[in-house]
$ cat query-v1.cif   # mmCIF, C-alpha atoms
data_upload
loop_
_atom_site.group_PDB
_atom_site.id
_atom_site.type_symbol
_atom_site.label_atom_id
_atom_site.label_comp_id
_atom_site.auth_asym_id
_atom_site.auth_seq_id
_atom_site.Cartn_x
_atom_site.Cartn_y
_atom_site.Cartn_z
ATOM 1 C CA MET A 23 41.810 19.805 34.424
ATOM 2 C CA ARG A 24 42.302 23.523 34.674
ATOM 3 C CA PRO A 25 39.130 25.649 34.321
ATOM 4 C CA VAL A 26 39.124 28.358 31.661
ATOM 5 C CA HIS A 27 37.710 31.813 32.325
ATOM 6 C CA HIS A 28 35.022 33.279 30.016
ATOM 7 C CA SER A 29 33.195 36.555 30.323
ATOM 8 C CA VAL A 30 29.539 36.294 29.447
ATOM 9 C CA ARG A 31 27.080 39.095 28.825
ATOM 10 C CA LEU A 32 23.438 38.185 29.256
ATOM 11 C CA PRO A 33 20.314 40.104 28.349
ATOM 12 C CA VAL A 34 18.380 41.360 31.367
ATOM 13 C CA ALA A 35 15.589 38.813 30.879
ATOM 14 C CA LEU A 36 18.037 35.885 30.895
ATOM 15 C CA ASP A 37 19.823 37.303 33.928
ATOM 16 C CA LYS A 38 16.527 37.452 35.818
ATOM 17 C CA ALA A 39 15.712 33.865 34.835
ATOM 18 C CA LEU A 40 19.200 32.731 35.851
ATOM 19 C CA ARG A 41 18.944 34.440 39.234
ATOM 20 C CA ALA A 42 15.478 32.966 39.820
ATOM 21 C CA LEU A 43 16.724 29.445 39.016
ATOM 22 C CA ALA A 44 19.748 29.883 41.260
ATOM 23 C CA GLY A 45 17.529 31.115 44.091
ATOM 24 C CA ARG A 46 15.164 28.157 43.757
ATOM 25 C CA GLN A 47 18.006 25.656 43.804
ATOM 26 C CA GLY A 48 19.877 27.453 46.585
ATOM 27 C CA ILE A 49 23.121 27.934 44.661
ATOM 28 C CA SER A 50 25.054 30.964 43.480
ATOM 29 C CA VAL A 51 24.347 32.653 40.168
ATOM 30 C CA TYR A 52 27.799 31.579 38.920
ATOM 31 C CA ALA A 53 27.162 27.921 39.782
ATOM 32 C CA MET A 54 23.779 28.117 38.017
ATOM 33 C CA LEU A 55 25.425 29.681 34.975
ATOM 34 C CA GLN A 56 27.984 26.857 34.889
ATOM 35 C CA ARG A 57 25.196 24.241 35.129
ATOM 36 C CA SER A 58 23.271 25.990 32.371
ATOM 37 C CA VAL A 59 26.274 26.033 30.065
ATOM 38 C CA GLU A 60 27.010 22.349 30.759
ATOM 39 C CA ALA A 61 23.377 21.377 30.149
ATOM 40 C CA GLY A 62 23.241 23.453 26.960
ATOM 41 C CA ILE A 63 26.417 21.926 25.550
ATOM 42 C CA ALA A 64 25.259 18.414 26.461
ATOM 43 C CA THR A 65 21.952 19.033 24.726
ATOM 44 C CA LEU A 66 23.574 20.434 21.611
ATOM 45 C CA THR A 67 26.156 17.660 21.317
ATOM 46 C CA ASN A 68 23.736 14.807 22.067
ATOM 47 C CA PRO A 69 20.346 15.883 20.723
ATOM 48 C CA SER A 70 17.416 13.754 21.781
ATOM 49 C CA PRO A 71 15.965 11.409 19.174
ATOM 50 C CA PRO A 72 12.968 12.721 17.270
ATOM 51 C CA ASP A 73 9.683 12.155 19.060
ATOM 52 C CA THR A 74 7.770 9.356 17.356
ATOM 53 C CA GLY A 75 4.639 10.149 19.342
ATOM 54 C CA ASN A 76 3.886 13.113 17.104
ATOM 55 C CA ARG A 77 4.259 10.986 13.988
ATOM 56 C CA GLU A 78 1.864 8.395 15.393
ATOM 57 C CA LEU A 79 -0.594 11.118 16.371
ATOM 58 C CA ILE A 80 -0.506 12.594 12.862
ATOM 59 C CA THR A 81 -1.050 9.149 11.340
ATOM 60 C CA GLU A 82 -4.067 8.521 13.580
ATOM 61 C CA LEU A 83 -5.474 11.973 12.845
ATOM 62 C CA ALA A 84 -5.187 11.324 9.103
ATOM 63 C CA SER A 85 -6.947 7.995 9.579
ATOM 64 C CA VAL A 86 -9.779 9.633 11.520
ATOM 65 C CA SER A 87 -10.062 12.325 8.866
ATOM 66 C CA THR A 88 -10.359 9.701 6.131
ATOM 67 C CA ARG A 89 -13.030 7.840 8.081
ATOM 68 C CA MET A 90 -14.942 11.076 8.652
ATOM 69 C CA VAL A 91 -15.084 11.643 4.884
ATOM 70 C CA ASP A 92 -16.532 8.150 4.497
ATOM 71 C CA VAL A 93 -19.131 8.824 7.207
ATOM 72 C CA GLU A 94 -20.096 12.126 5.558
ATOM 73 C CA ARG A 95 -20.600 10.363 2.220
ATOM 74 C CA MET A 96 -22.709 7.664 3.863
ATOM 75 C CA LEU A 97 -24.852 10.229 5.699
ATOM 76 C CA ASP A 98 -25.288 12.183 2.484
ATOM 77 C CA ARG A 99 -26.501 9.046 0.702
ATOM 78 C CA ALA A 100 -28.835 8.243 3.623
ATOM 79 C CA LEU A 101 -30.295 11.762 3.440
ATOM 80 C CA PHE A 102 -30.884 11.440 -0.299
ATOM 81 C CA THR A 103 -32.486 8.012 0.188
ATOM 82 C CA ALA A 104 -34.752 9.379 2.924
ATOM 83 C CA CYS A 105 -35.792 12.282 0.701
ATOM 84 C CA ALA A 106 -36.543 9.868 -2.166
ATOM 85 C CA ALA A 107 -38.568 7.589 0.103
ATOM 86 C CA TYR A 108 -40.533 10.574 1.443
ATOM 87 C CA CYS A 109 -41.318 11.955 -2.006
ATOM 88 C CA TYR A 110 -42.392 8.599 -3.443
ATOM 89 C CA ALA A 111 -44.485 7.837 -0.342
ATOM 90 C CA ARG A 112 -46.093 11.294 -0.446
ATOM 91 C CA ASN A 113 -47.021 10.937 -4.108
ATOM 92 C CA ALA A 114 -48.394 7.440 -3.482
ATOM 93 C CA ALA A 115 -50.442 8.650 -0.497
ATOM 94 C CA LEU A 116 -51.893 11.549 -2.491
ATOM 95 C CA GLY A 117 -52.794 9.174 -5.289
ATOM 96 C CA THR A 118 -51.533 11.539 -7.947
ATOM 97 C CA ARG A 119 -50.082 10.280 -11.166
ATOM 98 C CA THR A 120 -46.758 12.023 -11.534
ATOM 99 C CA SER A 121 -43.885 11.265 -13.842
ATOM 100 C CA ASP A 122 -40.512 10.066 -12.624
ATOM 101 C CA GLU A 123 -38.992 13.360 -13.780
ATOM 102 C CA THR A 124 -41.377 15.297 -11.533
ATOM 103 C CA VAL A 125 -40.668 13.038 -8.552
ATOM 104 C CA THR A 126 -36.919 13.317 -9.226
ATOM 105 C CA ALA A 127 -37.217 17.106 -9.205
ATOM 106 C CA GLU A 128 -39.117 16.933 -5.894
ATOM 107 C CA ILE A 129 -36.456 14.600 -4.433
ATOM 108 C CA ASN A 130 -33.637 16.913 -5.469
ATOM 109 C CA ALA A 131 -35.483 19.946 -4.088
ATOM 110 C CA ALA A 132 -36.108 18.194 -0.766
ATOM 111 C CA TYR A 133 -32.496 17.021 -0.608
ATOM 112 C CA ASP A 134 -31.146 20.520 -1.350
ATOM 113 C CA ARG A 135 -33.511 22.025 1.221
ATOM 114 C CA GLN A 136 -32.345 19.593 3.924
ATOM 115 C CA ARG A 137 -28.665 20.210 3.086
ATOM 116 C CA ARG A 138 -29.221 23.967 3.272
ATOM 117 C CA LEU A 139 -31.033 23.654 6.611
ATOM 118 C CA SER A 140 -28.223 21.506 8.043
ATOM 119 C CA GLN A 141 -25.629 24.163 7.166
ATOM 120 C CA GLU A 142 -27.458 27.073 8.762
ATOM 121 C CA THR A 143 -25.934 28.348 11.996
ATOM 122 C CA ARG A 144 -27.911 27.877 15.143
ATOM 123 C CA PRO A 145 -28.283 30.642 17.750
#

$ encode --input "query-v1.cif" --output "structure tokens"
Amino acid sequence: MRPVHHSVRLPVALDKALRALAGRQGISVYAMLQRSVEAGIATLTNPSPPDTGNRELITELASVSTRMVDVERMLDRALFTACAAYCYARNAALGTRTSDETVTAEINAAYDRQRRLSQETRP
């Protein structure tokens, strides 16, 4: 096989990278250029198969995200239940006769207060 001659113009940055690679491998700049062209053509003609690791990672991340939503809902319900238990216990301990509407308003106020406190930034 007879080699064919091509003239190649490279930007300065690529020339520096080519010279650095050639120096590290102990070969001439022309030999490094030939290797680079061969590697580039091989890569372009036989592209590597798509990485399935990223797809699996995205699937797992979506699964974790879905589970986090479930945990947030459960914690929100637990907070509301704790606020309700506190308000009913407080009214029972005080011995006051209050209507369910009043206790419900107290529960909602306590719940909103706790949600607001949990969202405040800490120093």

$ atom_distance --input "query-v1.cif" --atom1 "CA of Cys109 in chain A" --atom2 "CA of Thr126 in chain A"
8.6 Å

$ closest_residue --input "query-v1.cif" --among "A:Val125, A:Ile80, A:Leu139, A:Leu55" --to "Val30 in chain A" --atoms "only C-alpha atoms"
A:Leu55

$ atom_distance --input "query-v1.cif" --atom1 "CA of Leu116 in chain A" --atom2 "CA of Glu128 in chain A"
14.3 Å

$ residues_around --input "query-v1.cif" --residues "Asp98 in chain A" --least-positions-apart "6" --cutoff "12 Å" --atoms "only C-alpha atoms" --output "VMD selection string"
chain A and resid 91 to 92 104 to 105 133 to 134 136 to 137 140

$ resolve_selection --input "query-v1.cif" --expression "the PyMOL selection byres ((chain A and resi 110) around 12)" --output "list in words"
Thr103, Ala104, Cys105, Ala106, Ala107, Tyr108, Cys109, Ala111, Arg112, Asn113, Ala114, Ala115, Leu116, Gly117, Thr118, Arg119, Thr120, Ser121, Asp122, Glu123, Thr124, Val125, Thr126, Ala127, Glu128, Ile129 and Ala132 of chain A

$ atom_distance --input "query-v1.cif" --atom1 "CA of Val59 in chain A" --atom2 "CA of Pro71 in chain A"
20.9 Å

$ closest_residue --input "query-v1.cif" --among "A:Arg46, A:Leu40, A:Ser85, A:Ser70" --to "Ser58 in chain A" --atoms "only C-alpha atoms"
A:Leu40

$ decode --input "query-v1.cif" --residues "chain A" --atoms "C-alpha atoms" --output "PDB file, in the first residue's frame"
ATOM      1  CA  MET A  23       0.000   0.000   0.000  1.00  0.00           C
ATOM      2  CA  ARG A  24       1.355   3.348  -1.039  1.00  0.00           C
ATOM      3  CA  PRO A  25       0.936   6.178   1.515  1.00  0.00           C
ATOM      4  CA  VAL A  26      -0.819   9.338   0.355  1.00  0.00           C
ATOM      5  CA  HIS A  27       0.450  12.789   1.280  1.00  0.00           C
ATOM      6  CA  HIS A  28      -1.883  15.319   2.971  1.00  0.00           C
ATOM      7  CA  SER A  29      -1.084  18.777   4.224  1.00  0.00           C
ATOM      8  CA  VAL A  30      -2.750  19.578   7.509  1.00  0.00           C
ATOM      9  CA  ARG A  31      -3.086  22.941   9.199  1.00  0.00           C
ATOM     10  CA  LEU A  32      -3.699  22.831  12.926  1.00  0.00           C
ATOM     11  CA  PRO A  33      -4.685  25.578  15.323  1.00  0.00           C
ATOM     12  CA  VAL A  34      -1.918  26.543  17.739  1.00  0.00           C
ATOM     13  CA  ALA A  35      -3.662  24.892  20.697  1.00  0.00           C
ATOM     14  CA  LEU A  36      -3.932  21.547  18.879  1.00  0.00           C
ATOM     15  CA  ASP A  37      -0.320  21.795  17.740  1.00  0.00           C
ATOM     16  CA  LYS A  38       0.798  22.282  21.341  1.00  0.00           C
ATOM     17  CA  ALA A  39      -1.278  19.297  22.472  1.00  0.00           C
ATOM     18  CA  LEU A  40       0.102  17.183  19.622  1.00  0.00           C
ATOM     19  CA  ARG A  41       3.689  18.104  20.464  1.00  0.00           C
ATOM     20  CA  ALA A  42       3.104  17.386  24.162  1.00  0.00           C
ATOM     21  CA  LEU A  43       1.649  13.943  23.371  1.00  0.00           C
ATOM     22  CA  ALA A  44       4.513  13.151  21.016  1.00  0.00           C
ATOM     23  CA  GLY A  45       7.039  14.201  23.658  1.00  0.00           C
ATOM     24  CA  ARG A  46       5.416  12.028  26.322  1.00  0.00           C
ATOM     25  CA  GLN A  47       5.376   8.987  24.066  1.00  0.00           C
ATOM     26  CA  GLY A  48       8.872   9.631  22.715  1.00  0.00           C
ATOM     27  CA  ILE A  49       7.884   9.760  19.046  1.00  0.00           C
ATOM     28  CA  SER A  50       8.013  12.441  16.380  1.00  0.00           C
ATOM     29  CA  VAL A  51       5.218  14.945  15.888  1.00  0.00           C
ATOM     30  CA  TYR A  52       4.481  13.403  12.467  1.00  0.00           C
ATOM     31  CA  ALA A  53       4.155   9.897  13.926  1.00  0.00           C
ATOM     32  CA  MET A  54       1.839  11.265  16.638  1.00  0.00           C
ATOM     33  CA  LEU A  55      -0.241  13.042  14.005  1.00  0.00           C
ATOM     34  CA  GLN A  56      -0.554   9.792  12.038  1.00  0.00           C
ATOM     35  CA  ARG A  57      -1.634   7.912  15.196  1.00  0.00           C
ATOM     36  CA  SER A  58      -4.149  10.633  15.997  1.00  0.00           C
ATOM     37  CA  VAL A  59      -5.667  10.489  12.531  1.00  0.00           C
ATOM     38  CA  GLU A  60      -5.869   6.676  12.647  1.00  0.00           C
ATOM     39  CA  ALA A  61      -7.474   6.739  16.102  1.00  0.00           C
ATOM     40  CA  GLY A  62      -9.927   9.449  15.033  1.00  0.00           C
ATOM     41  CA  ILE A  63     -10.997   7.578  11.909  1.00  0.00           C
ATOM     42  CA  ALA A  64     -11.348   4.321  13.851  1.00  0.00           C
ATOM     43  CA  THR A  65     -13.506   6.065  16.427  1.00  0.00           C
ATOM     44  CA  LEU A  66     -15.702   7.710  13.825  1.00  0.00           C
ATOM     45  CA  THR A  67     -16.192   4.548  11.772  1.00  0.00           C
ATOM     46  CA  ASN A  68     -16.780   2.244  14.756  1.00  0.00           C
ATOM     47  CA  PRO A  69     -18.463   4.353  17.435  1.00  0.00           C
ATOM     48  CA  SER A  70     -18.671   2.785  20.861  1.00  0.00           C
ATOM     49  CA  PRO A  71     -22.066   1.486  21.954  1.00  0.00           C
ATOM     50  CA  PRO A  72     -24.126   3.852  24.071  1.00  0.00           C
ATOM     51  CA  ASP A  73     -23.295   3.682  27.758  1.00  0.00           C
ATOM     52  CA  THR A  74     -26.064   1.859  29.606  1.00  0.00           C
ATOM     53  CA  GLY A  75     -24.644   2.895  32.964  1.00  0.00           C
ATOM     54  CA  ASN A  76     -26.093   6.377  32.582  1.00  0.00           C
ATOM     55  CA  ARG A  77     -29.519   4.973  31.770  1.00  0.00           C
ATOM     56  CA  GLU A  78     -29.416   2.764  34.859  1.00  0.00           C
ATOM     57  CA  LEU A  79     -28.272   5.697  36.983  1.00  0.00           C
ATOM     58  CA  ILE A  80     -31.142   7.857  35.721  1.00  0.00           C
ATOM     59  CA  THR A  81     -33.628   5.064  36.427  1.00  0.00           C
ATOM     60  CA  GLU A  82     -32.335   4.671  39.989  1.00  0.00           C
ATOM     61  CA  LEU A  83     -32.377   8.431  40.540  1.00  0.00           C
ATOM     62  CA  ALA A  84     -36.006   8.587  39.392  1.00  0.00           C
ATOM     63  CA  SER A  85     -36.842   5.739  41.758  1.00  0.00           C
ATOM     64  CA  VAL A  86     -35.169   7.516  44.678  1.00  0.00           C
ATOM     65  CA  SER A  87     -36.983  10.723  43.786  1.00  0.00           C
ATOM     66  CA  THR A  88     -40.331   8.920  43.796  1.00  0.00           C
ATOM     67  CA  ARG A  89     -39.574   7.345  47.165  1.00  0.00           C
ATOM     68  CA  MET A  90     -38.557  10.726  48.575  1.00  0.00           C
ATOM     69  CA  VAL A  91     -41.968  12.138  47.620  1.00  0.00           C
ATOM     70  CA  ASP A  92     -43.592   9.256  49.491  1.00  0.00           C
ATOM     71  CA  VAL A  93     -41.413   9.893  52.557  1.00  0.00           C
ATOM     72  CA  GLU A  94     -42.261  13.613  52.472  1.00  0.00           C
ATOM     73  CA  ARG A  95     -45.982  12.808  52.373  1.00  0.00           C
ATOM     74  CA  MET A  96     -45.624  10.377  55.271  1.00  0.00           C
ATOM     75  CA  LEU A  97     -43.652  12.894  57.349  1.00  0.00           C
ATOM     76  CA  ASP A  98     -46.226  15.564  56.580  1.00  0.00           C
ATOM     77  CA  ARG A  99     -49.012  13.276  57.800  1.00  0.00           C
ATOM     78  CA  ALA A 100     -46.985  12.407  60.924  1.00  0.00           C
ATOM     79  CA  LEU A 101     -46.502  16.118  61.658  1.00  0.00           C
ATOM     80  CA  PHE A 102     -50.223  16.786  61.286  1.00  0.00           C
ATOM     81  CA  THR A 103     -51.042  13.807  63.523  1.00  0.00           C
ATOM     82  CA  ALA A 104     -48.579  15.017  66.161  1.00  0.00           C
ATOM     83  CA  CYS A 105     -50.090  18.504  66.064  1.00  0.00           C
ATOM     84  CA  ALA A 106     -53.599  17.036  66.436  1.00  0.00           C
ATOM     85  CA  ALA A 107     -52.521  14.843  69.347  1.00  0.00           C
ATOM     86  CA  TYR A 108     -50.863  17.827  71.054  1.00  0.00           C
ATOM     87  CA  CYS A 109     -53.886  20.088  70.653  1.00  0.00           C
ATOM     88  CA  TYR A 110     -56.380  17.483  71.869  1.00  0.00           C
ATOM     89  CA  ALA A 111     -54.121  16.556  74.804  1.00  0.00           C
ATOM     90  CA  ARG A 112     -53.612  20.226  75.710  1.00  0.00           C
ATOM     91  CA  ASN A 113     -57.342  20.923  75.687  1.00  0.00           C
ATOM     92  CA  ALA A 114     -58.002  17.794  77.755  1.00  0.00           C
ATOM     93  CA  ALA A 115     -55.302  18.749  80.278  1.00  0.00           C
ATOM     94  CA  LEU A 116     -56.686  22.276  80.633  1.00  0.00           C
ATOM     95  CA  GLY A 117     -60.152  20.864  81.157  1.00  0.00           C
ATOM     96  CA  THR A 118     -61.732  23.402  78.854  1.00  0.00           C
ATOM     97  CA  ARG A 119     -64.791  22.592  76.844  1.00  0.00           C
ATOM     98  CA  THR A 120     -63.958  23.549  73.293  1.00  0.00           C
ATOM     99  CA  SER A 121     -65.724  22.678  70.087  1.00  0.00           C
ATOM    100  CA  ASP A 122     -64.197  20.485  67.412  1.00  0.00           C
ATOM    101  CA  GLU A 123     -64.060  23.507  65.100  1.00  0.00           C
ATOM    102  CA  THR A 124     -61.925  25.394  67.624  1.00  0.00           C
ATOM    103  CA  VAL A 125     -59.596  22.425  68.125  1.00  0.00           C
ATOM    104  CA  THR A 126     -59.360  21.965  64.340  1.00  0.00           C
ATOM    105  CA  ALA A 127     -58.366  25.616  63.979  1.00  0.00           C
ATOM    106  CA  GLU A 128     -55.709  25.155  66.685  1.00  0.00           C
ATOM    107  CA  ILE A 129     -54.414  22.000  64.944  1.00  0.00           C
ATOM    108  CA  ASN A 130     -54.157  23.764  61.598  1.00  0.00           C
ATOM    109  CA  ALA A 131     -52.422  26.756  63.195  1.00  0.00           C
ATOM    110  CA  ALA A 132     -49.916  24.500  64.964  1.00  0.00           C
ATOM    111  CA  TYR A 133     -49.326  22.514  61.778  1.00  0.00           C
ATOM    112  CA  ASP A 134     -48.780  25.676  59.701  1.00  0.00           C
ATOM    113  CA  ARG A 135     -46.455  27.077  62.365  1.00  0.00           C
ATOM    114  CA  GLN A 136     -44.337  23.899  62.388  1.00  0.00           C
ATOM    115  CA  ARG A 137     -44.177  23.813  58.569  1.00  0.00           C
ATOM    116  CA  ARG A 138     -43.092  27.457  58.501  1.00  0.00           C
ATOM    117  CA  LEU A 139     -40.427  26.836  61.155  1.00  0.00           C
ATOM    118  CA  SER A 140     -39.078  23.828  59.233  1.00  0.00           C
ATOM    119  CA  GLN A 141     -38.626  25.934  56.084  1.00  0.00           C
ATOM    120  CA  GLU A 142     -36.719  28.758  57.742  1.00  0.00           C
ATOM    121  CA  THR A 143     -33.013  28.887  56.930  1.00  0.00           C
ATOM    122  CA  ARG A 144     -30.607  28.198  59.716  1.00  0.00           C
ATOM    123  CA  PRO A 145     -27.483  30.318  60.283  1.00  0.00           C
TER     124      PRO A 145
END
